[in-house]
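Shown here: structure_32.cif, mmCIF, C-alpha atoms.
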```cif
data_data
loop_
_atom_site.label_atom_id
_atom_site.label_comp_id
_atom_site.auth_asym_id
_atom_site.auth_seq_id
_atom_site.Cartn_x
_atom_site.Cartn_y
_atom_site.Cartn_z
CA MET A 2 69.44 133.02 15.79
CA GLY A 3 71.69 130.32 14.39
CA VAL A 4 72.52 130.23 10.72
CA GLY A 5 72.30 126.43 10.84
CA ALA A 6 68.61 126.34 11.80
CA PHE A 7 67.65 128.60 8.91
CA PHE A 8 69.74 126.53 6.52
CA THR A 9 68.22 123.18 7.67
CA SER A 10 64.63 124.23 7.07
CA LYS A 11 65.48 125.52 3.60
CA LEU A 12 67.25 122.24 2.79
CA ASP A 13 64.12 120.36 3.87
CA GLU A 14 62.05 122.46 1.55
CA ALA A 15 64.48 121.99 -1.30
CA ILE A 16 64.45 118.21 -0.85
CA GLY A 17 60.66 118.19 -0.54
CA TRP A 18 60.39 120.19 -3.75
CA ALA A 19 62.72 117.79 -5.54
CA ARG A 20 60.98 114.70 -4.21
CA LYS A 21 57.47 115.84 -5.03
CA ASN A 22 58.44 116.58 -8.62
CA SER A 23 60.29 113.34 -9.31
CA ILE A 24 57.80 110.66 -8.34
CA PHE A 25 58.78 107.23 -9.57
CA GLN A 26 55.64 105.18 -9.33
CA TYR A 27 55.13 101.46 -9.13
CA PRO A 28 51.73 100.67 -10.72
CA PHE A 29 50.27 97.62 -8.95
CA VAL A 30 47.46 97.16 -11.47
CA THR A 31 45.05 94.29 -10.84
CA ALA A 32 41.72 95.30 -12.36
CA CYS A 33 39.67 97.62 -14.53
CA CYS A 34 40.91 100.82 -12.81
CA GLY A 35 44.09 100.16 -14.78
CA MET A 36 42.40 101.52 -17.92
CA GLU A 37 41.76 104.84 -16.22
CA PHE A 38 45.29 104.79 -14.88
CA MET A 39 46.55 104.40 -18.45
CA ALA A 40 44.29 107.24 -19.60
CA THR A 41 45.80 109.44 -16.89
CA ALA A 42 49.31 108.46 -17.87
CA ALA A 43 48.74 108.98 -21.60
CA SER A 44 49.29 112.23 -23.47
CA HIS A 45 45.83 113.80 -23.01
CA TYR A 46 46.01 114.10 -19.21
CA ASP A 47 49.76 113.51 -19.09
CA VAL A 48 50.87 112.60 -15.61
CA ASP A 49 54.41 113.52 -16.71
CA ARG A 50 53.52 117.20 -16.13
CA PHE A 51 53.77 116.40 -12.43
CA GLY A 52 57.07 114.57 -12.76
CA ALA A 53 55.38 111.23 -12.23
CA GLY A 54 55.67 110.01 -15.80
CA LEU A 55 58.17 107.22 -15.37
CA ALA A 56 56.70 104.03 -14.01
CA ARG A 57 59.29 101.70 -12.51
CA PHE A 58 58.38 98.07 -12.69
CA SER A 59 60.68 97.19 -9.85
CA PRO A 60 59.54 98.14 -6.33
CA ARG A 61 63.15 98.80 -5.35
CA GLN A 62 63.34 101.76 -7.74
CA ALA A 63 59.94 103.24 -6.86
CA ASP A 64 58.83 105.95 -4.41
CA VAL A 65 55.06 105.73 -4.72
CA LEU A 66 53.03 102.53 -4.81
CA PHE A 67 49.90 103.00 -6.90
CA VAL A 68 47.49 100.22 -5.93
CA VAL A 69 45.09 100.20 -8.86
CA GLY A 70 42.19 97.76 -8.72
CA THR A 71 40.57 95.14 -6.52
CA ILE A 72 42.87 93.27 -4.15
CA SER A 73 41.82 89.73 -3.31
CA HIS A 74 42.87 87.85 -0.20
CA LYS A 75 44.99 85.65 -2.45
CA MET A 76 46.82 88.72 -3.77
CA ALA A 77 47.21 90.45 -0.38
CA PRO A 78 50.53 88.78 0.61
CA VAL A 79 51.99 89.78 -2.78
CA LEU A 80 50.99 93.41 -2.25
CA LYS A 81 52.48 93.40 1.24
CA ARG A 82 55.72 91.95 -0.11
CA VAL A 83 55.97 94.56 -2.87
CA TYR A 84 55.41 97.30 -0.28
CA ASP A 85 58.09 95.83 1.99
CA GLN A 86 60.56 95.71 -0.90
CA MET A 87 60.25 99.46 -1.59
CA CYS A 88 62.98 101.69 -0.16
CA GLU A 89 62.26 104.62 2.13
CA PRO A 90 60.95 107.23 1.64
CA LYS A 91 57.81 105.65 0.20
CA TRP A 92 54.17 106.56 -0.19
CA VAL A 93 51.05 104.61 -1.10
CA VAL A 94 48.08 105.73 -3.19
CA ALA A 95 44.82 103.76 -3.06
CA PHE A 96 43.34 104.16 -6.55
CA GLY A 97 39.59 103.46 -6.85
CA VAL A 98 36.98 102.45 -4.27
CA CYS A 99 38.00 98.78 -4.28
CA THR A 100 41.40 99.62 -2.84
CA CYS A 101 39.94 102.30 -0.53
CA THR A 102 37.19 100.20 1.10
CA GLY A 103 36.53 97.09 -0.96
CA GLY A 104 33.97 99.03 -2.99
CA PHE A 105 30.83 97.16 -3.87
CA TYR A 106 32.53 93.85 -3.15
CA ASP A 107 31.56 92.38 0.20
CA ASN A 108 32.41 88.72 -0.23
CA TYR A 109 34.74 85.87 0.65
CA ALA A 110 37.40 86.87 -1.87
CA THR A 111 38.02 90.62 -1.54
CA VAL A 112 40.15 92.64 0.88
CA MET A 113 37.99 95.35 2.44
CA GLY A 114 40.42 98.19 1.80
CA ILE A 115 44.19 97.90 1.44
CA ASP A 116 44.68 99.97 4.59
CA THR A 117 44.00 96.75 6.48
CA ILE A 118 47.34 95.50 5.10
CA ILE A 119 49.61 98.49 4.37
CA PRO A 120 49.53 102.21 5.31
CA VAL A 121 47.88 104.50 2.74
CA ASP A 122 48.71 108.18 2.15
CA VAL A 123 46.12 109.24 -0.41
CA TYR A 124 42.73 107.73 -1.20
CA ILE A 125 41.28 108.37 -4.67
CA PRO A 126 37.65 107.20 -4.72
CA GLY A 127 35.69 106.48 -7.87
CA CYS A 128 34.68 103.44 -9.85
CA PRO A 129 36.90 104.09 -11.68
CA PRO A 130 38.05 107.62 -10.72
CA ARG A 131 38.10 110.20 -13.51
CA PRO A 132 41.61 111.22 -14.60
CA GLU A 133 40.90 114.64 -13.09
CA SER A 134 40.42 113.09 -9.65
CA VAL A 135 43.57 111.05 -10.12
CA LEU A 136 45.53 114.20 -10.88
CA ASP A 137 43.89 115.89 -7.88
CA GLY A 138 44.97 112.96 -5.71
CA LEU A 139 48.46 113.15 -7.16
CA MET A 140 48.69 116.87 -6.35
CA LYS A 141 47.50 116.19 -2.81
CA LEU A 142 50.23 113.58 -2.53
CA GLN A 143 52.76 116.14 -3.81
CA ASP A 144 51.64 118.61 -1.14
CA LYS A 145 52.02 115.88 1.45
CA ILE A 146 55.50 114.95 0.23
CA ALA A 147 56.62 118.59 0.20
CA ALA A 148 55.22 119.29 3.66
CA SER A 149 56.49 116.18 5.39
CA ALA A 150 59.70 116.06 7.39
CA GLN A 151 62.41 114.94 4.98
CA ARG A 152 64.66 112.14 6.05
CA TYR A 153 67.85 111.63 4.09
CA MET B 25 20.55 68.12 -36.26
CA ASP B 26 17.78 69.90 -34.38
CA GLY B 27 17.42 69.71 -30.64
CA SER B 28 14.65 67.14 -30.38
CA SER B 29 16.42 64.68 -32.69
CA ILE B 30 19.61 64.94 -30.57
CA LEU B 31 17.56 64.05 -27.50
CA GLN B 32 15.85 61.26 -29.48
CA ARG B 33 19.27 59.75 -30.30
CA LEU B 34 20.30 59.87 -26.66
CA ARG B 35 17.07 58.22 -25.49
CA GLU B 36 17.39 55.48 -28.09
CA ARG B 37 20.96 54.74 -27.10
CA PHE B 38 20.76 55.03 -23.30
CA GLY B 39 17.09 54.43 -22.46
CA PRO B 40 16.39 54.67 -18.72
CA GLU B 41 19.77 56.29 -18.00
CA ILE B 42 18.31 59.49 -19.45
CA LEU B 43 16.12 60.64 -16.55
CA GLU B 44 14.49 63.61 -18.21
CA THR B 45 14.72 65.67 -21.40
CA HIS B 46 13.33 68.97 -22.53
CA CYS B 47 13.84 71.21 -25.53
CA LEU B 48 12.83 74.81 -24.89
CA ARG B 49 13.07 77.11 -27.96
CA GLY B 50 15.21 74.54 -29.76
CA GLU B 51 17.76 74.26 -26.95
CA PRO B 52 18.01 70.60 -25.90
CA ALA B 53 18.79 69.53 -22.34
CA ALA B 54 18.99 66.06 -20.80
CA VAL B 55 19.29 64.89 -17.19
CA VAL B 56 21.56 61.85 -16.95
CA THR B 57 22.19 59.43 -14.06
CA PRO B 58 25.68 59.77 -12.47
CA PRO B 59 26.98 56.32 -13.58
CA ALA B 60 25.94 56.97 -17.19
CA ILE B 61 27.46 60.45 -17.62
CA ARG B 62 30.87 59.25 -18.80
CA PRO B 63 29.45 56.94 -21.54
CA VAL B 64 26.95 59.63 -22.57
CA LEU B 65 29.70 62.25 -22.91
CA GLU B 66 31.85 59.82 -24.89
CA PHE B 67 28.91 59.01 -27.16
CA CYS B 68 28.24 62.71 -27.72
CA GLN B 69 31.86 63.26 -28.72
CA THR B 70 32.50 60.20 -30.88
CA GLU B 71 29.13 59.67 -32.64
CA PRO B 72 29.64 61.36 -36.05
CA GLU B 73 26.08 62.68 -36.28
CA LEU B 74 26.40 64.41 -32.89
CA GLY B 75 30.10 65.38 -33.10
CA PHE B 76 30.28 67.47 -29.91
CA ASP B 77 33.96 68.36 -30.13
CA LEU B 78 33.82 71.39 -27.84
CA LEU B 79 33.11 71.49 -24.10
CA VAL B 80 31.91 75.08 -23.77
CA ASP B 81 31.37 75.04 -20.02
CA LEU B 82 31.29 72.71 -17.07
CA THR B 83 29.77 74.08 -13.91
CA ALA B 84 27.49 73.17 -11.01
CA VAL B 85 24.40 74.41 -9.20
CA ASP B 86 23.61 74.14 -5.50
CA TYR B 87 19.87 73.54 -5.04
CA LEU B 88 19.93 73.73 -1.24
CA LYS B 89 16.55 75.10 -0.08
CA PHE B 90 15.55 75.68 -3.69
CA PRO B 91 11.73 75.90 -3.85
CA GLY B 92 10.33 72.61 -5.08
CA ARG B 93 13.61 70.71 -4.81
CA GLU B 94 14.02 70.41 -1.04
CA ASP B 95 14.18 66.60 -1.01
CA GLY B 96 15.98 66.01 -4.32
CA PRO B 97 19.75 65.69 -4.82
CA ARG B 98 21.48 68.81 -3.58
CA PHE B 99 23.81 69.53 -6.52
CA GLU B 100 23.65 69.35 -10.27
CA VAL B 101 26.73 69.30 -12.50
CA VAL B 102 26.03 70.91 -15.87
CA TYR B 103 27.86 70.31 -19.17
CA HIS B 104 27.45 72.66 -22.12
CA LEU B 105 28.48 71.00 -25.38
CA PHE B 106 28.89 72.51 -28.83
CA SER B 107 29.60 70.89 -32.17
CA LEU B 108 31.78 72.91 -34.54
CA PRO B 109 30.98 70.84 -37.68
CA HIS B 110 27.21 70.71 -37.03
CA THR B 111 26.87 73.98 -35.05
CA HIS B 112 24.39 72.48 -32.63
CA ARG B 113 24.38 72.54 -28.85
CA LEU B 114 23.42 70.26 -25.97
CA ARG B 115 23.13 70.74 -22.22
CA LEU B 116 23.65 67.71 -19.97
CA LYS B 117 22.88 67.69 -16.24
CA VAL B 118 23.86 65.17 -13.60
CA PRO B 119 22.16 65.16 -10.18
CA VAL B 120 24.71 64.75 -7.39
CA GLU B 121 23.93 63.82 -3.78
CA GLU B 122 25.71 65.75 -1.03
CA SER B 123 26.70 62.49 0.73
CA GLU B 124 28.59 61.16 -2.30
CA ALA B 125 29.55 64.24 -4.29
CA VAL B 126 31.66 62.46 -6.88
CA VAL B 127 31.32 62.55 -10.68
CA PRO B 128 33.52 60.75 -13.24
CA THR B 129 36.00 63.09 -14.85
CA ALA B 130 35.76 64.29 -18.47
CA VAL B 131 39.46 65.20 -18.77
CA GLY B 132 40.15 62.28 -21.11
CA LEU B 133 37.53 63.56 -23.57
CA TRP B 134 38.14 67.32 -23.47
CA PRO B 135 41.38 68.58 -21.88
CA ILE B 136 39.67 71.88 -20.92
CA ALA B 137 37.66 69.87 -18.40
CA ASN B 138 40.81 69.80 -16.25
CA TRP B 139 40.53 73.41 -15.07
CA LEU B 140 36.73 73.53 -15.21
CA GLU B 141 36.51 70.53 -12.89
CA ARG B 142 39.09 72.07 -10.58
CA GLU B 143 36.93 75.20 -10.41
CA VAL B 144 33.83 73.15 -9.56
CA TRP B 145 35.79 71.32 -6.86
CA ASP B 146 37.05 74.65 -5.49
CA MET B 147 33.68 76.43 -5.48
CA PHE B 148 31.24 73.56 -4.76
CA GLY B 149 33.30 70.72 -3.28
CA ILE B 150 32.25 68.18 -5.88
CA ARG B 151 35.02 65.66 -6.56
CA PHE B 152 35.84 64.30 -10.01
CA ASP B 153 36.87 60.67 -10.01
CA GLY B 154 39.96 60.06 -12.16
CA HIS B 155 41.00 63.73 -12.39
CA PRO B 156 44.81 63.92 -12.73
CA ASP B 157 45.34 66.96 -10.48
CA LEU B 158 42.29 67.94 -8.42
CA ARG B 159 43.58 71.07 -6.63
CA ARG B 160 41.80 74.35 -5.96
CA LEU B 161 41.84 76.64 -9.00
CA LEU B 162 40.79 80.07 -7.75
CA MET B 163 41.07 80.11 -3.96
CA TYR B 164 44.29 79.56 -2.00
CA GLU B 165 45.28 76.24 -0.46
CA GLU B 166 44.64 77.52 3.09
CA PHE B 167 41.00 78.33 2.29
CA GLU B 168 38.51 76.18 4.20
CA GLY B 169 35.17 75.22 2.69
CA HIS B 170 33.66 75.91 -0.70
CA PRO B 171 32.41 79.49 -1.13
CA LEU B 172 29.65 78.97 -3.72
CA ARG B 173 27.83 76.44 -1.56
CA LYS B 174 24.62 78.04 -0.35
CA ASP B 175 25.44 77.15 3.27
CA TYR B 176 28.83 78.94 3.18
CA PRO B 177 28.34 81.86 5.62
CA VAL B 178 27.99 85.11 3.65
CA HIS B 179 30.14 87.08 6.08
CA ARG B 180 32.83 84.50 6.70
CA ARG B 181 36.27 85.90 5.79
CA GLN B 182 39.51 83.93 5.62
CA PRO B 183 42.28 86.48 4.94
CA LEU B 184 45.84 85.21 4.58
CA ILE B 185 47.15 88.42 6.16
CA GLY B 186 45.41 91.33 7.85
CA PRO B 187 42.58 91.38 10.39
CA ARG B 188 40.33 88.34 10.68
CA ASN B 189 36.57 88.95 10.52
#
```

Could the structure of this file be written out as structure tokens, please?
Amino acid sequence: MGVGAFFTSKLDEAIGWARKNSIFQYPFVTACCGMEFMATAASHYDVDRFGAGLARFSPRQADVLFVVGTISHKMAPVLKRVYDQMCEPKWVVAFGVCTCTGGFYDNYATVMGIDTIIPVDVYIPGCPPRPESVLDGLMKLQDKIAASAQRY
Amino acid sequence: MDGSSILQRLRERFGPEILETHCLRGEPAAVVTPPAIRPVLEFCQTEPELGFDLLVDLTAVDYLKFPGREDGPRFEVVYHLFSLPHTHRLRLKVPVEESEAVVPTAVGLWPIANWLEREVWDMFGIRFDGHPDLRRLLMYEEFEGHPLRKDYPVHRRQPLIGPRN
């Protein structure tokens, strides 16, 4: 029964707790879902209660990439580049059905789900999703962050 | 000026170059031969009584396999004109053959035609003779074909990154 092993697991939990409550998000807003994203961020639903209130408009300062809205094939390389520029640890949230699966778009222009380009941690369906489902998705992401093995 | 008198002026001035006119519910439309479209547009803009100073829209239609038009010209380029001083409108159409899909540009008359013609080139593959910068407007340079043509395969995908088809 080493003291070290006990200490390491508690440190992991402490870091997970800190990380899940200080989410710096990068909103990659391309379409109408952005309005619902703003509603979630504004005072009534207040995403700041979950420590995710500060949006960073530089991918290098962000932990969570919020992909909000339809991604076209023309935009796909930009999204991939933004994801590559983010520092570890990083997570991705697909916000709305367009980012999850392409939604009702099945045409020459639209990417059929961003998970064909970058890995996704949480899918929030809806067209657009209600702020309640966004907060539910955010809490699921927090659980995932807290439970994952922390690298530091 | 009401719709039928606008069409009357065009017929008087251009005669056989105006292939067809109709005026449904006061909305005038004229079909013009491809060589005459540039002079007709210029006339519409400069003639004081017409005074069409605004190009509202410039688009195209693909009539491939359209019932009743199987043997006619495949495309039609459509101009929507509006006059701010007279508040009247006019729709001009130009039939375009697939084999020589070229129409004279309207950039010199209305600068907005620049991007509208680029969009028509991008989506339908109709060229505009004399256009200063005829590049794709919406799709990326690597894109092959013209997606709003009726024979563009519905399920053809051309992603820049990610899985293909």

Check the smallest atom-to-atom distance from each of A:Asp144, A:Asp122, A:Asp107, A:Asp85 to chain B using all atoms listed in the file, then report the winner.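 Closest to chain B, using all atoms listed in the file: A:Asp107.
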
Could you tell me, as a list in words, exactly which residues end up selected when the PyMOL selection byres ((chain A and resi 148) around 10) is applied to this structure?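 Against this file, the PyMOL selection byres ((chain A and resi 148) around 10) returns the residues Asp13, Glu14, Gly17, Trp18, Lys21, Leu142, Gln143, Asp144, Lys145, Ile146, Ala147, Ser149, Ala150 and Gln151 of chain A.
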
Select, as a compact mmCIF listing (two decimals) with C-alpha atoms, in the coordinates of the input, those residues of chain A with any atom no more than 6 Å from chain B (distances computed using all atoms listed in the file).
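Saved result, selection-v4.txt, follows:
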```
# COMPACT_ATOMS: atom_id res chain seq x y z
CA HIS A 74 42.87 87.85 -0.20
CA TYR A 109 34.74 85.87 0.65
CA THR A 117 44.00 96.75 6.48
CA ILE A 118 47.34 95.50 5.10
```

I'd like to see the residues matched by the PyMOL selection byres ((chain A and resi 93) around 12) on this file, and ideally I'd get them as a PyMOL selection string. chain A and resi 24-29+60+63-69+80-81+83-85+87+89-92+94-96+100-101+115-116+118-125+138-139+142-143+145-146

Written as a PyMOL selection string, which residues does the PyMOL selection byres ((chain B and resi 38-40) around 10) give for the file shown? chain B and resi 32-37+41-44+56-57+60+63-64+67

Would you pick out the contacts of Gly35 of chain A at 12 Å or less, using only C-alpha atoms, so that residues sharing its chain but fewer than 4 positions from it are not included, and give the list as a short mmCIF file (atom, residue, chain, number, x, y, z; two decimals) with C-alpha atoms, in the frame of the given file?
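What landed in around37.cif:
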```cif
data_model
loop_
_atom_site.label_atom_id
_atom_site.label_comp_id
_atom_site.auth_asym_id
_atom_site.auth_seq_id
_atom_site.Cartn_x
_atom_site.Cartn_y
_atom_site.Cartn_z
CA PRO A 28 51.73 100.67 -10.72
CA PHE A 29 50.27 97.62 -8.95
CA VAL A 30 47.46 97.16 -11.47
CA THR A 31 45.05 94.29 -10.84
CA MET A 39 46.55 104.40 -18.45
CA ALA A 40 44.29 107.24 -19.60
CA THR A 41 45.80 109.44 -16.89
CA ALA A 42 49.31 108.46 -17.87
CA PHE A 67 49.90 103.00 -6.90
CA VAL A 68 47.49 100.22 -5.93
CA VAL A 69 45.09 100.20 -8.86
CA GLY A 70 42.19 97.76 -8.72
CA THR A 71 40.57 95.14 -6.52
CA PHE A 96 43.34 104.16 -6.55
CA GLY A 97 39.59 103.46 -6.85
CA CYS A 128 34.68 103.44 -9.85
CA PRO A 129 36.90 104.09 -11.68
CA PRO A 130 38.05 107.62 -10.72
CA ARG A 131 38.10 110.20 -13.51
CA PRO A 132 41.61 111.22 -14.60
CA VAL A 135 43.57 111.05 -10.12
#
```

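Minimum distance to Leu133 of chain B across B:Arg62, B:His104, B:Arg98, B:Lys89 (counting all atoms listed in the file) occurs at B:Arg62.
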
Just need segment 121-153 of chain A in a file, please: N, CA and C atoms, as a PDB file, in the first residue's frame.
```pdb
ATOM      1  N   VAL A 121     -14.623  13.744 -32.245  1.00  0.00           N
ATOM      2  CA  VAL A 121     -15.663  14.481 -31.520  1.00  0.00           C
ATOM      3  C   VAL A 121     -15.902  13.800 -30.173  1.00  0.00           C
ATOM      4  N   ASP A 122     -16.015  14.589 -29.110  1.00  0.00           N
ATOM      5  CA  ASP A 122     -16.262  14.036 -27.777  1.00  0.00           C
ATOM      6  C   ASP A 122     -17.737  14.008 -27.433  1.00  0.00           C
ATOM      7  N   VAL A 123     -18.455  15.084 -27.703  1.00  0.00           N
ATOM      8  CA  VAL A 123     -19.866  15.144 -27.346  1.00  0.00           C
ATOM      9  C   VAL A 123     -20.661  15.620 -28.557  1.00  0.00           C
ATOM     10  N   TYR A 124     -21.760  14.890 -28.834  1.00  0.00           N
ATOM     11  CA  TYR A 124     -22.674  15.302 -29.891  1.00  0.00           C
ATOM     12  C   TYR A 124     -23.916  15.913 -29.244  1.00  0.00           C
ATOM     13  N   ILE A 125     -24.301  17.117 -29.681  1.00  0.00           N
ATOM     14  CA  ILE A 125     -25.539  17.732 -29.199  1.00  0.00           C
ATOM     15  C   ILE A 125     -26.480  17.847 -30.395  1.00  0.00           C
ATOM     16  N   PRO A 126     -27.453  16.942 -30.537  1.00  0.00           N
ATOM     17  CA  PRO A 126     -28.358  17.037 -31.680  1.00  0.00           C
ATOM     18  C   PRO A 126     -29.405  18.118 -31.468  1.00  0.00           C
ATOM     19  N   GLY A 127     -30.104  18.449 -32.534  1.00  0.00           N
ATOM     20  CA  GLY A 127     -31.136  19.480 -32.474  1.00  0.00           C
ATOM     21  C   GLY A 127     -30.944  20.444 -33.625  1.00  0.00           C
ATOM     22  N   CYS A 128     -32.035  21.081 -34.030  1.00  0.00           N
ATOM     23  CA  CYS A 128     -31.934  21.947 -35.212  1.00  0.00           C
ATOM     24  C   CYS A 128     -32.701  23.237 -34.990  1.00  0.00           C
ATOM     25  N   PRO A 129     -32.157  24.177 -34.205  1.00  0.00           N
ATOM     26  CA  PRO A 129     -30.956  24.037 -33.380  1.00  0.00           C
ATOM     27  C   PRO A 129     -31.305  23.391 -32.042  1.00  0.00           C
ATOM     28  N   PRO A 130     -30.303  22.932 -31.275  1.00  0.00           N
ATOM     29  CA  PRO A 130     -30.596  22.367 -29.953  1.00  0.00           C
ATOM     30  C   PRO A 130     -31.091  23.444 -28.994  1.00  0.00           C
ATOM     31  N   ARG A 131     -31.996  23.083 -28.113  1.00  0.00           N
ATOM     32  CA  ARG A 131     -32.450  23.994 -27.066  1.00  0.00           C
ATOM     33  C   ARG A 131     -31.267  24.286 -26.137  1.00  0.00           C
ATOM     34  N   PRO A 132     -31.243  25.440 -25.496  1.00  0.00           N
ATOM     35  CA  PRO A 132     -30.167  25.710 -24.541  1.00  0.00           C
ATOM     36  C   PRO A 132     -30.054  24.641 -23.456  1.00  0.00           C
ATOM     37  N   GLU A 133     -31.206  24.054 -23.070  1.00  0.00           N
ATOM     38  CA  GLU A 133     -31.154  22.999 -22.057  1.00  0.00           C
ATOM     39  C   GLU A 133     -30.323  21.809 -22.548  1.00  0.00           C
ATOM     40  N   SER A 134     -30.496  21.451 -23.827  1.00  0.00           N
ATOM     41  CA  SER A 134     -29.709  20.310 -24.325  1.00  0.00           C
ATOM     42  C   SER A 134     -28.242  20.693 -24.460  1.00  0.00           C
ATOM     43  N   VAL A 135     -27.983  21.960 -24.742  1.00  0.00           N
ATOM     44  CA  VAL A 135     -26.589  22.393 -24.806  1.00  0.00           C
ATOM     45  C   VAL A 135     -25.945  22.266 -23.420  1.00  0.00           C
ATOM     46  N   LEU A 136     -26.677  22.721 -22.406  1.00  0.00           N
ATOM     47  CA  LEU A 136     -26.126  22.618 -21.051  1.00  0.00           C
ATOM     48  C   LEU A 136     -25.968  21.161 -20.648  1.00  0.00           C
ATOM     49  N   ASP A 137     -26.913  20.308 -21.066  1.00  0.00           N
ATOM     50  CA  ASP A 137     -26.802  18.876 -20.789  1.00  0.00           C
ATOM     51  C   ASP A 137     -25.551  18.308 -21.452  1.00  0.00           C
ATOM     52  N   GLY A 138     -25.328  18.707 -22.711  1.00  0.00           N
ATOM     53  CA  GLY A 138     -24.122  18.262 -23.411  1.00  0.00           C
ATOM     54  C   GLY A 138     -22.867  18.763 -22.729  1.00  0.00           C
ATOM     55  N   LEU A 139     -22.920  20.002 -22.263  1.00  0.00           N
ATOM     56  CA  LEU A 139     -21.756  20.570 -21.573  1.00  0.00           C
ATOM     57  C   LEU A 139     -21.462  19.804 -20.291  1.00  0.00           C
ATOM     58  N   MET A 140     -22.529  19.425 -19.553  1.00  0.00           N
ATOM     59  CA  MET A 140     -22.313  18.677 -18.311  1.00  0.00           C
ATOM     60  C   MET A 140     -21.768  17.286 -18.600  1.00  0.00           C
ATOM     61  N   LYS A 141     -22.237  16.684 -19.709  1.00  0.00           N
ATOM     62  CA  LYS A 141     -21.686  15.384 -20.093  1.00  0.00           C
ATOM     63  C   LYS A 141     -20.205  15.519 -20.435  1.00  0.00           C
ATOM     64  N   LEU A 142     -19.861  16.617 -21.080  1.00  0.00           N
ATOM     65  CA  LEU A 142     -18.448  16.860 -21.400  1.00  0.00           C
ATOM     66  C   LEU A 142     -17.643  17.033 -20.110  1.00  0.00           C
ATOM     67  N   GLN A 143     -18.231  17.741 -19.140  1.00  0.00           N
ATOM     68  CA  GLN A 143     -17.537  17.925 -17.853  1.00  0.00           C
ATOM     69  C   GLN A 143     -17.282  16.589 -17.176  1.00  0.00           C
ATOM     70  N   ASP A 144     -18.308  15.703 -17.200  1.00  0.00           N
ATOM     71  CA  ASP A 144     -18.124  14.368 -16.615  1.00  0.00           C
ATOM     72  C   ASP A 144     -16.996  13.636 -17.322  1.00  0.00           C
ATOM     73  N   LYS A 145     -16.963  13.785 -18.649  1.00  0.00           N
ATOM     74  CA  LYS A 145     -15.938  13.093 -19.420  1.00  0.00           C
ATOM     75  C   LYS A 145     -14.551  13.635 -19.083  1.00  0.00           C
ATOM     76  N   ILE A 146     -14.454  14.967 -18.958  1.00  0.00           N
ATOM     77  CA  ILE A 146     -13.168  15.576 -18.628  1.00  0.00           C
ATOM     78  C   ILE A 146     -12.710  15.112 -17.253  1.00  0.00           C
ATOM     79  N   ALA A 147     -13.646  15.103 -16.289  1.00  0.00           N
ATOM     80  CA  ALA A 147     -13.270  14.732 -14.923  1.00  0.00           C
ATOM     81  C   ALA A 147     -12.859  13.272 -14.842  1.00  0.00           C
ATOM     82  N   ALA A 148     -13.507  12.421 -15.658  1.00  0.00           N
ATOM     83  CA  ALA A 148     -13.256  10.983 -15.541  1.00  0.00           C
ATOM     84  C   ALA A 148     -12.060  10.531 -16.360  1.00  0.00           C
ATOM     85  N   SER A 149     -11.616  11.345 -17.291  1.00  0.00           N
ATOM     86  CA  SER A 149     -10.545  10.875 -18.163  1.00  0.00           C
ATOM     87  C   SER A 149      -9.198  10.932 -17.451  1.00  0.00           C
ATOM     88  N   ALA A 150      -8.266  10.129 -17.961  1.00  0.00           N
ATOM     89  CA  ALA A 150      -6.914  10.134 -17.398  1.00  0.00           C
ATOM     90  C   ALA A 150      -6.276  11.485 -17.691  1.00  0.00           C
ATOM     91  N   GLN A 151      -5.791  12.153 -16.653  1.00  0.00           N
ATOM     92  CA  GLN A 151      -5.246  13.494 -16.842  1.00  0.00           C
ATOM     93  C   GLN A 151      -3.770  13.414 -17.200  1.00  0.00           C
ATOM     94  N   ARG A 152      -3.446  14.067 -18.300  1.00  0.00           N
ATOM     95  CA  ARG A 152      -2.034  14.176 -18.672  1.00  0.00           C
ATOM     96  C   ARG A 152      -1.574  15.593 -18.394  1.00  0.00           C
ATOM     97  N   TYR A 153      -0.404  15.724 -17.794  1.00  0.00           N
ATOM     98  CA  TYR A 153       0.056  17.082 -17.470  1.00  0.00           C
ATOM     99  C   TYR A 153       1.565  17.110 -17.491  1.00  0.00           C
TER     100      TYR A 153
END
```
